[in-house]
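Printed here is protein31.cif (mmCIF, C-alpha atoms):
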```
data_input
#
loop_
_atom_site.label_atom_id
_atom_site.label_comp_id
_atom_site.auth_asym_id
_atom_site.auth_seq_id
_atom_site.Cartn_x
_atom_site.Cartn_y
_atom_site.Cartn_z
CA MET J 1 0.00 0.00 0.00
CA ILE J 2 2.82 2.38 0.86
CA ALA J 3 4.44 1.69 -2.51
CA GLY J 4 1.14 2.49 -4.23
CA ILE J 5 0.87 5.77 -2.34
CA ASP J 6 4.43 6.69 -3.31
CA ALA J 7 3.73 5.91 -6.95
CA LEU J 8 0.61 8.07 -6.85
CA ALA J 9 2.57 10.91 -5.29
CA ASP J 10 5.13 10.69 -8.08
CA ARG J 11 2.41 10.92 -10.70
CA LEU J 12 0.64 13.94 -9.24
CA PRO J 13 3.18 16.54 -10.43
CA ARG J 14 3.15 15.09 -13.92
CA THR J 15 -0.65 15.05 -13.95
CA GLY J 16 -0.72 18.66 -12.82
CA ALA J 17 1.69 19.62 -15.57
CA MET J 18 -0.48 17.86 -18.14
CA LEU J 19 -3.59 19.68 -16.91
CA ALA J 20 -1.73 22.98 -16.98
CA GLY J 21 -0.75 22.30 -20.58
CA LEU J 22 -4.38 21.64 -21.48
CA VAL J 23 -5.60 24.97 -20.14
CA PRO J 24 -4.42 27.08 -23.12
CA LEU J 25 -5.97 24.55 -25.49
CA LEU J 26 -9.28 24.69 -23.66
CA VAL J 27 -9.22 28.48 -23.65
CA THR J 28 -8.44 28.53 -27.38
CA ALA J 29 -11.22 26.05 -28.08
CA THR J 30 -13.84 28.02 -26.19
CA PRO J 31 -16.75 28.77 -28.55
CA ALA J 32 -16.76 32.40 -29.58
CA ALA J 33 -19.53 34.74 -30.55
CA ALA J 34 -20.14 35.17 -34.25
CA GLY J 35 -18.25 37.99 -35.90
CA ILE J 36 -19.40 40.77 -38.17
CA GLY J 37 -19.37 40.01 -41.87
CA GLN J 38 -17.51 36.71 -41.78
CA PRO J 39 -17.28 33.48 -39.76
CA SER J 40 -15.38 33.38 -36.48
CA PRO J 41 -13.28 30.51 -35.06
CA TRP J 42 -15.46 28.14 -33.03
CA GLN J 43 -18.55 30.13 -33.93
CA ILE J 44 -21.74 28.72 -32.40
CA ASP J 45 -24.34 31.28 -33.45
CA PHE J 46 -25.40 33.37 -36.42
CA GLN J 47 -23.13 36.12 -37.66
CA GLN J 48 -23.96 39.51 -36.20
CA SER J 49 -26.87 41.20 -37.91
CA VAL J 50 -26.56 44.36 -39.99
CA THR J 51 -30.01 44.39 -41.67
CA PRO J 52 -33.60 44.60 -40.38
CA ILE J 53 -34.39 41.17 -41.85
CA MET J 54 -31.48 39.56 -40.03
CA ASP J 55 -32.58 41.29 -36.81
CA THR J 56 -35.94 39.55 -37.18
CA ILE J 57 -34.23 36.23 -37.88
CA HIS J 58 -32.16 36.63 -34.71
CA SER J 59 -35.28 37.37 -32.65
CA PHE J 60 -37.20 34.47 -34.16
CA HIS J 61 -34.29 32.12 -33.54
CA THR J 62 -34.10 33.21 -29.88
CA PHE J 63 -37.84 32.66 -29.51
CA LEU J 64 -37.59 29.15 -31.00
CA ALA J 65 -34.62 28.29 -28.78
CA ILE J 66 -36.51 29.33 -25.63
CA LEU J 67 -39.64 27.48 -26.75
CA ALA J 68 -37.65 24.32 -27.51
CA ALA J 69 -35.93 24.51 -24.12
CA VAL J 70 -39.26 24.90 -22.29
CA ILE J 71 -40.76 21.94 -24.16
CA ALA J 72 -37.69 19.80 -23.49
CA LEU J 73 -37.77 20.61 -19.75
CA PHE J 74 -41.51 19.89 -19.62
CA VAL J 75 -41.07 16.50 -21.29
CA LEU J 76 -38.13 15.73 -19.00
CA ALA J 77 -40.28 16.55 -15.97
CA LEU J 78 -43.04 14.25 -17.24
CA LEU J 79 -40.56 11.43 -17.74
CA GLY J 80 -39.31 11.94 -14.19
CA ILE J 81 -42.85 11.80 -12.78
CA VAL J 82 -43.58 8.64 -14.75
CA MET J 83 -40.41 6.93 -13.54
CA VAL J 84 -41.07 7.84 -9.91
CA ARG J 85 -44.84 7.27 -9.66
CA PHE J 86 -45.41 4.44 -12.09
CA ASN J 87 -42.47 2.12 -11.66
CA GLU J 88 -43.10 -1.45 -10.56
CA ARG J 89 -42.04 -0.87 -6.96
CA ALA J 90 -44.26 2.21 -6.36
CA ASN J 91 -47.18 0.89 -8.39
CA PRO J 92 -47.24 -2.93 -8.19
CA VAL J 93 -50.79 -3.14 -9.58
CA PRO J 94 -50.78 -1.29 -12.91
CA SER J 95 -53.81 0.59 -14.07
CA ARG J 96 -55.80 -0.91 -16.94
CA SER J 97 -57.11 2.42 -18.19
CA THR J 98 -56.88 2.79 -21.96
CA HIS J 99 -58.50 6.18 -22.58
CA ASN J 100 -58.60 9.58 -20.92
CA THR J 101 -60.61 12.01 -23.01
CA THR J 102 -59.39 15.14 -21.23
CA LEU J 103 -55.75 14.14 -21.54
CA GLU J 104 -56.13 13.21 -25.21
CA VAL J 105 -57.74 16.58 -26.00
CA VAL J 106 -54.99 18.42 -24.13
CA TRP J 107 -52.10 16.66 -25.89
CA THR J 108 -53.75 17.33 -29.25
CA VAL J 109 -54.79 20.95 -28.77
CA ILE J 110 -51.65 22.27 -27.06
CA PRO J 111 -49.20 21.12 -29.79
CA ALA J 112 -51.55 22.58 -32.41
CA LEU J 113 -51.58 25.91 -30.57
CA ILE J 114 -47.78 25.83 -30.34
CA LEU J 115 -47.56 25.36 -34.11
CA VAL J 116 -49.88 28.33 -34.64
CA VAL J 117 -47.76 30.47 -32.33
CA VAL J 118 -44.64 29.48 -34.30
CA ALA J 119 -46.33 29.92 -37.68
CA ILE J 120 -47.43 33.53 -37.15
CA PRO J 121 -43.92 35.10 -36.84
CA SER J 122 -42.60 32.61 -39.39
CA PHE J 123 -45.08 33.71 -42.06
CA ARG J 124 -44.45 37.34 -41.17
CA LEU J 125 -40.72 36.90 -41.64
CA LEU J 126 -41.25 35.09 -44.95
CA TYR J 127 -43.50 37.90 -46.16
CA ASP J 128 -40.95 40.56 -45.22
CA GLN J 129 -38.22 38.67 -47.07
CA LEU J 130 -40.25 38.28 -50.28
CA ASP J 131 -42.10 41.62 -50.29
CA ILE J 132 -39.44 43.82 -51.86
CA PRO J 133 -39.87 47.53 -51.05
CA LYS J 134 -39.09 50.32 -53.51
CA ALA J 135 -35.39 50.02 -54.19
CA ASP J 136 -32.79 52.78 -54.08
CA VAL J 137 -30.24 50.63 -55.91
CA THR J 138 -30.71 47.58 -58.14
CA VAL J 139 -27.93 45.05 -58.68
CA LYS J 140 -28.02 41.94 -60.86
CA ALA J 141 -25.92 38.98 -59.67
CA THR J 142 -25.27 36.21 -62.19
CA GLY J 143 -23.62 32.96 -61.18
CA THR J 144 -21.50 31.79 -64.11
CA ALA J 145 -20.47 28.35 -65.34
CA ALA J 146 -16.87 29.31 -64.47
CA TRP J 147 -17.81 29.47 -60.76
CA THR J 148 -17.66 33.25 -60.49
CA TRP J 149 -20.19 36.00 -59.89
CA THR J 150 -20.91 38.71 -62.45
CA TYR J 151 -22.45 41.91 -61.08
CA THR J 152 -24.41 44.40 -63.19
CA TYR J 153 -25.69 47.85 -62.18
CA PRO J 154 -28.70 48.55 -64.46
CA ASP J 155 -29.58 51.80 -62.65
CA HIS J 156 -26.10 53.25 -63.19
CA GLY J 157 -25.42 52.77 -66.88
CA GLY J 158 -25.53 49.00 -66.98
CA PHE J 159 -21.80 48.38 -66.43
CA SER J 160 -20.83 44.93 -65.18
CA PHE J 161 -17.78 43.11 -63.84
CA ASP J 162 -16.69 39.68 -62.68
CA SER J 163 -15.90 38.92 -59.06
CA ILE J 164 -13.21 36.26 -58.69
CA MET J 165 -11.79 34.68 -55.54
CA LEU J 166 -8.25 35.75 -54.64
CA GLN J 167 -5.57 33.09 -54.28
CA ASP J 168 -3.34 32.97 -51.21
CA ASP J 169 -0.50 34.80 -52.96
CA GLU J 170 -2.91 37.54 -54.10
CA ARG J 171 -4.49 38.37 -50.76
CA LYS J 172 -3.54 41.45 -48.78
CA PRO J 173 -3.08 41.38 -44.99
CA GLY J 174 -6.45 41.11 -43.27
CA GLN J 175 -8.31 39.62 -46.23
CA PRO J 176 -9.91 36.28 -45.30
CA ARG J 177 -8.87 33.14 -47.14
CA LEU J 178 -11.40 31.68 -49.62
CA LEU J 179 -13.64 34.73 -49.13
CA ALA J 180 -11.71 37.73 -50.47
CA VAL J 181 -12.31 38.68 -54.12
CA ASP J 182 -10.71 40.97 -56.68
CA ASN J 183 -13.85 43.05 -57.37
CA GLU J 184 -16.32 43.50 -54.53
CA LEU J 185 -20.01 44.27 -54.88
CA VAL J 186 -20.30 47.89 -53.66
CA VAL J 187 -23.55 49.30 -52.24
CA PRO J 188 -24.49 52.35 -50.15
CA VAL J 189 -25.29 52.14 -46.44
CA ASN J 190 -28.88 52.62 -45.20
CA LYS J 191 -30.28 52.19 -48.71
CA ILE J 192 -32.66 49.50 -49.96
CA VAL J 193 -30.77 47.31 -52.41
CA ARG J 194 -32.72 44.98 -54.69
CA VAL J 195 -30.69 42.01 -55.92
CA GLN J 196 -31.82 40.25 -59.07
CA VAL J 197 -30.29 36.78 -59.13
CA THR J 198 -29.85 34.40 -62.05
CA ALA J 199 -27.27 31.94 -63.39
CA GLU J 200 -25.66 30.54 -66.49
CA GLY J 201 -25.40 26.81 -67.11
CA VAL J 202 -25.80 25.55 -63.54
CA ILE J 203 -27.81 26.39 -60.41
CA HIS J 204 -26.05 28.54 -57.81
CA SER J 205 -27.27 30.22 -54.61
CA PHE J 206 -26.59 33.81 -53.52
CA ALA J 207 -26.20 33.96 -49.73
CA VAL J 208 -24.81 36.54 -47.30
CA PRO J 209 -25.34 35.44 -43.67
CA SER J 210 -25.02 38.87 -42.03
CA PHE J 211 -27.75 40.18 -44.34
CA GLY J 212 -30.13 37.28 -43.75
CA ILE J 213 -30.47 36.60 -47.48
CA LYS J 214 -30.20 33.34 -49.41
CA ILE J 215 -31.82 32.79 -52.81
CA ASP J 216 -31.26 30.36 -55.67
CA ALA J 217 -29.67 31.50 -58.92
CA ILE J 218 -31.36 29.43 -61.64
CA PRO J 219 -30.54 29.55 -65.36
CA GLY J 220 -33.39 31.12 -67.34
CA ARG J 221 -35.10 32.48 -64.24
CA LEU J 222 -34.80 35.81 -62.44
CA ASN J 223 -35.23 35.65 -58.67
CA GLU J 224 -35.16 38.69 -56.41
CA THR J 225 -34.20 39.50 -52.85
CA TRP J 226 -33.32 42.67 -50.96
CA PHE J 227 -31.39 44.06 -48.04
CA LYS J 228 -30.73 47.33 -46.22
CA VAL J 229 -27.39 47.38 -44.44
CA THR J 230 -27.14 49.69 -41.44
CA ARG J 231 -23.36 49.53 -40.92
CA GLU J 232 -20.47 50.22 -43.25
CA GLY J 233 -17.95 47.44 -43.79
CA ILE J 234 -17.20 44.35 -45.85
CA TYR J 235 -19.54 41.37 -45.56
CA TYR J 236 -18.86 37.94 -46.98
CA GLY J 237 -20.98 35.09 -48.23
CA GLN J 238 -20.65 32.08 -50.52
CA CYS J 239 -22.57 30.11 -53.09
CA SER J 240 -24.79 27.81 -51.01
CA GLU J 241 -25.73 25.35 -53.74
CA LEU J 242 -23.62 22.32 -54.70
CA CYS J 243 -22.81 23.65 -58.15
CA GLY J 244 -19.81 21.60 -59.22
CA ARG J 245 -16.16 20.91 -58.53
CA ASN J 246 -15.27 24.53 -57.72
CA HIS J 247 -18.31 25.18 -55.56
CA ALA J 248 -16.11 25.95 -52.53
CA PHE J 249 -14.29 28.71 -54.42
CA MET J 250 -17.20 30.98 -55.27
CA PRO J 251 -17.30 33.64 -52.53
CA ILE J 252 -19.42 36.78 -52.31
CA ALA J 253 -17.95 40.01 -50.95
CA VAL J 254 -20.12 43.08 -50.41
CA ARG J 255 -18.53 46.40 -49.51
CA VAL J 256 -20.97 48.82 -47.84
CA VAL J 257 -19.92 52.46 -48.05
CA SER J 258 -21.40 55.91 -47.57
CA GLU J 259 -23.57 57.49 -50.26
CA ARG J 260 -20.78 59.87 -51.28
CA GLU J 261 -18.23 57.04 -51.55
CA PHE J 262 -20.70 54.97 -53.53
CA GLN J 263 -21.31 57.70 -56.09
CA ALA J 264 -17.56 58.22 -56.48
CA TRP J 265 -17.06 54.48 -56.92
CA VAL J 266 -19.80 54.33 -59.57
CA GLU J 267 -18.07 57.01 -61.65
CA ASP J 268 -14.76 55.18 -61.43
CA ALA J 269 -16.39 51.83 -62.15
CA LYS J 270 -18.05 53.13 -65.30
CA LYS J 271 -14.63 54.02 -66.68
CA LYS J 272 -12.86 50.93 -65.36
CA PHE J 273 -15.32 48.26 -66.46
CA ALA J 274 -16.79 49.85 -69.59
CA ALA J 275 -13.67 49.05 -71.62
CA ALA J 276 -12.90 45.74 -69.91
CA PRO J 277 -13.53 42.76 -72.24
CA GLU J 278 -15.56 39.95 -70.76
CA THR J 279 -13.85 36.93 -72.35
CA PRO J 280 -10.44 37.31 -70.63
CA ALA J 281 -12.18 37.63 -67.27
CA VAL J 282 -13.85 34.27 -67.79
CA VAL J 283 -10.55 32.74 -68.80
CA VAL J 284 -8.84 34.16 -65.71
CA ALA J 285 -11.68 32.90 -63.51
CA ALA J 286 -11.37 29.39 -64.92
CA ALA J 287 -7.61 29.42 -64.42
CA ARG J 288 -7.92 30.62 -60.83
CA ALA J 289 -10.61 28.03 -60.11
CA ASP J 290 -8.35 25.30 -61.44
CA ARG J 291 -5.52 26.55 -59.23
CA ALA J 292 -7.81 26.58 -56.20
CA ALA J 293 -9.03 23.05 -56.92
CA ALA J 294 -5.48 21.82 -57.40
CA GLY J 295 -4.43 23.39 -54.12
CA ALA J 296 -7.37 21.83 -52.28
CA GLU J 297 -6.50 18.37 -53.61
#
```
Represent the structure of the file as structure tokens.
Amino acid sequence: MIAGIDALADRLPRTGAMLAGLVPLLVTATPAAAGIGQPSPWQIDFQQSVTPIMDTIHSFHTFLAILAAVIALFVLALLGIVMVRFNERANPVPSRSTHNTTLEVVWTVIPALILVVVAIPSFRLLYDQLDIPKADVTVKATGTAAWTWTYTYPDHGGFSFDSIMLQDDERKPGQPRLLAVDNELVVPVNKIVRVQVTAEGVIHSFAVPSFGIKIDAIPGRLNETWFKVTREGIYYGQCSELCGRNHAFMPIAVRVVSEREFQAWVEDAKKKFAAAPETPAVVVAAARADRAAAGAE
């Protein structure tokens, strides 16, 4: 016994050292709150909201989480009562009752009422997402067969440009990997932006989590969504449809600026992209997509 105690004493310092070494790992692995505009390490919640629609989604999600927790605790309490009151030891002579009208009405009506309570804000949110208000800016986003996005500004002369993911050797400090692009979609802050979404050759999906938008881009069909961003900054999304081998390399980057900066950018963009030929951009996009796929493999 004494030898066993001595051996245990020898192990305690080493065990303490091991636990001390685990502390930084546990701190690093602690789930973090979602960031603004892009994912965060160990994120466990939605990205922070910057649009009224996403504010509603956050509120609805919180409501559903509380409701689910209450229902789970209620069911757990019922299971506990059943185990305590109706086990064989406490109730050696089981009841032979097969029907209880009151109980059957209750467990039918209450779930139906819960569904109605959930449906009302759900339908309201769906209506707000699909009922597009009068737009201040209209942008057309086209998902291409080369796994890039092409953006067109029909209200500002109809100029368009391709948005292509930057490779690791092309990114500047601070630009996120697999999300940064060469040409960002630029929109003004606190303005209603209508996004017309379509595709060429294959189905894509236009999604920006911080905006609370996600809509399919279907060849031959024009879908619409909208957003109103209340904070300046850069917000990232990705194609959310399995669209082919380079699906993972089709990011969306939206730069939200002031009205004055937006107007200045529009004037520069008209000059920059008016003379830019489209074919080389597609070729460059295909080449970059091939490089990204090769690097991933």
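In terms of minimum interatomic distance to J:Asn246, J:Met165 ranks closest within J:Ala112, J:Val117, J:Met165, J:Ile66, counting all atoms listed in the file.
For the set J:Lys271, J:Thr152, J:Val187, J:Ala72, the residue with the smallest atom-to-atom gap to J:Thr230 is J:Val187, counting all atoms listed in the file.
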Show me, as an MDAnalysis selection string, the residues that have an atom within 7 Å of J:Ile164 when counting only C-alpha atoms, minus same-chain residues fewer than 3 positions from it. chainID J and resid 148 181:183 285
Output file for the selection above: C-alpha atoms, as an mmCIF file, in the coordinates of the input:
```
data_model
loop_
_atom_site.group_PDB
_atom_site.id
_atom_site.type_symbol
_atom_site.label_atom_id
_atom_site.label_comp_id
_atom_site.auth_asym_id
_atom_site.auth_seq_id
_atom_site.Cartn_x
_atom_site.Cartn_y
_atom_site.Cartn_z
ATOM 1 C CA THR J 148 -17.660 33.250 -60.490
ATOM 2 C CA VAL J 181 -12.310 38.680 -54.120
ATOM 3 C CA ASP J 182 -10.710 40.970 -56.680
ATOM 4 C CA ASN J 183 -13.850 43.050 -57.370
ATOM 5 C CA ALA J 285 -11.680 32.900 -63.510
#
```
Exactly which residues make up the result of the PyMOL selection byres ((chain J and resi 126-132) around 12) on this file, given as a PyMOL selection string? chain J and resi 51-57+60+119-125+133-136+138+192-196+211-215+223-228
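The smallest atom-to-atom distance between J:Gln238 and any of J:Pro209, J:Pro188, J:Pro92, J:Pro219, using all atoms listed in the file, is found for J:Pro209.
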What's around stretch 248-259 of chain J at 6 Å? Count all atoms listed in the file, leave out sequence neighbours fewer than 5 positions away in its own chain, and write the answer as a list in words. Trp147, Thr148, Leu179, Glu184, Leu185, Val186, Val187, Pro188, Val189, Glu232, Gly233, Ile234, Tyr235, Tyr236, Gly237, Gln238 and Cys239 of chain J
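Atom CA of J:Glu267 to atom CA of J:Gly143 spans 24.7 Å [interatomic distance, one decimal].
You will find atom CA of J:Ser163 at 29.1 Å from atom CA of J:Ile44.
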Please report the interatomic distance between atom CA of J:His204 and atom CA of J:Ser240 in Å with one decimal. 7.0 Å
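Evaluated against the shown file, the PyMOL selection byres ((chain J and resi 162) around 6) gives Trp149, Thr150, Phe161 and Ser163 of chain J.
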Which one of J:Asn100, J:Pro154, J:Met83, J:Ala180 sits closest to J:Leu166 if you count only C-alpha atoms? J:Ala180
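Using only C-alpha atoms for every distance, the candidate list J:Arg89, J:Tyr151, J:Val202, J:Leu78 yields J:Tyr151 as the residue closest to J:Phe273.
The residue that comes closest to J:Val50, out of J:Leu242, J:Arg260, J:Val208, J:Ala145 and on the basis of all atoms listed in the file, is J:Val208.
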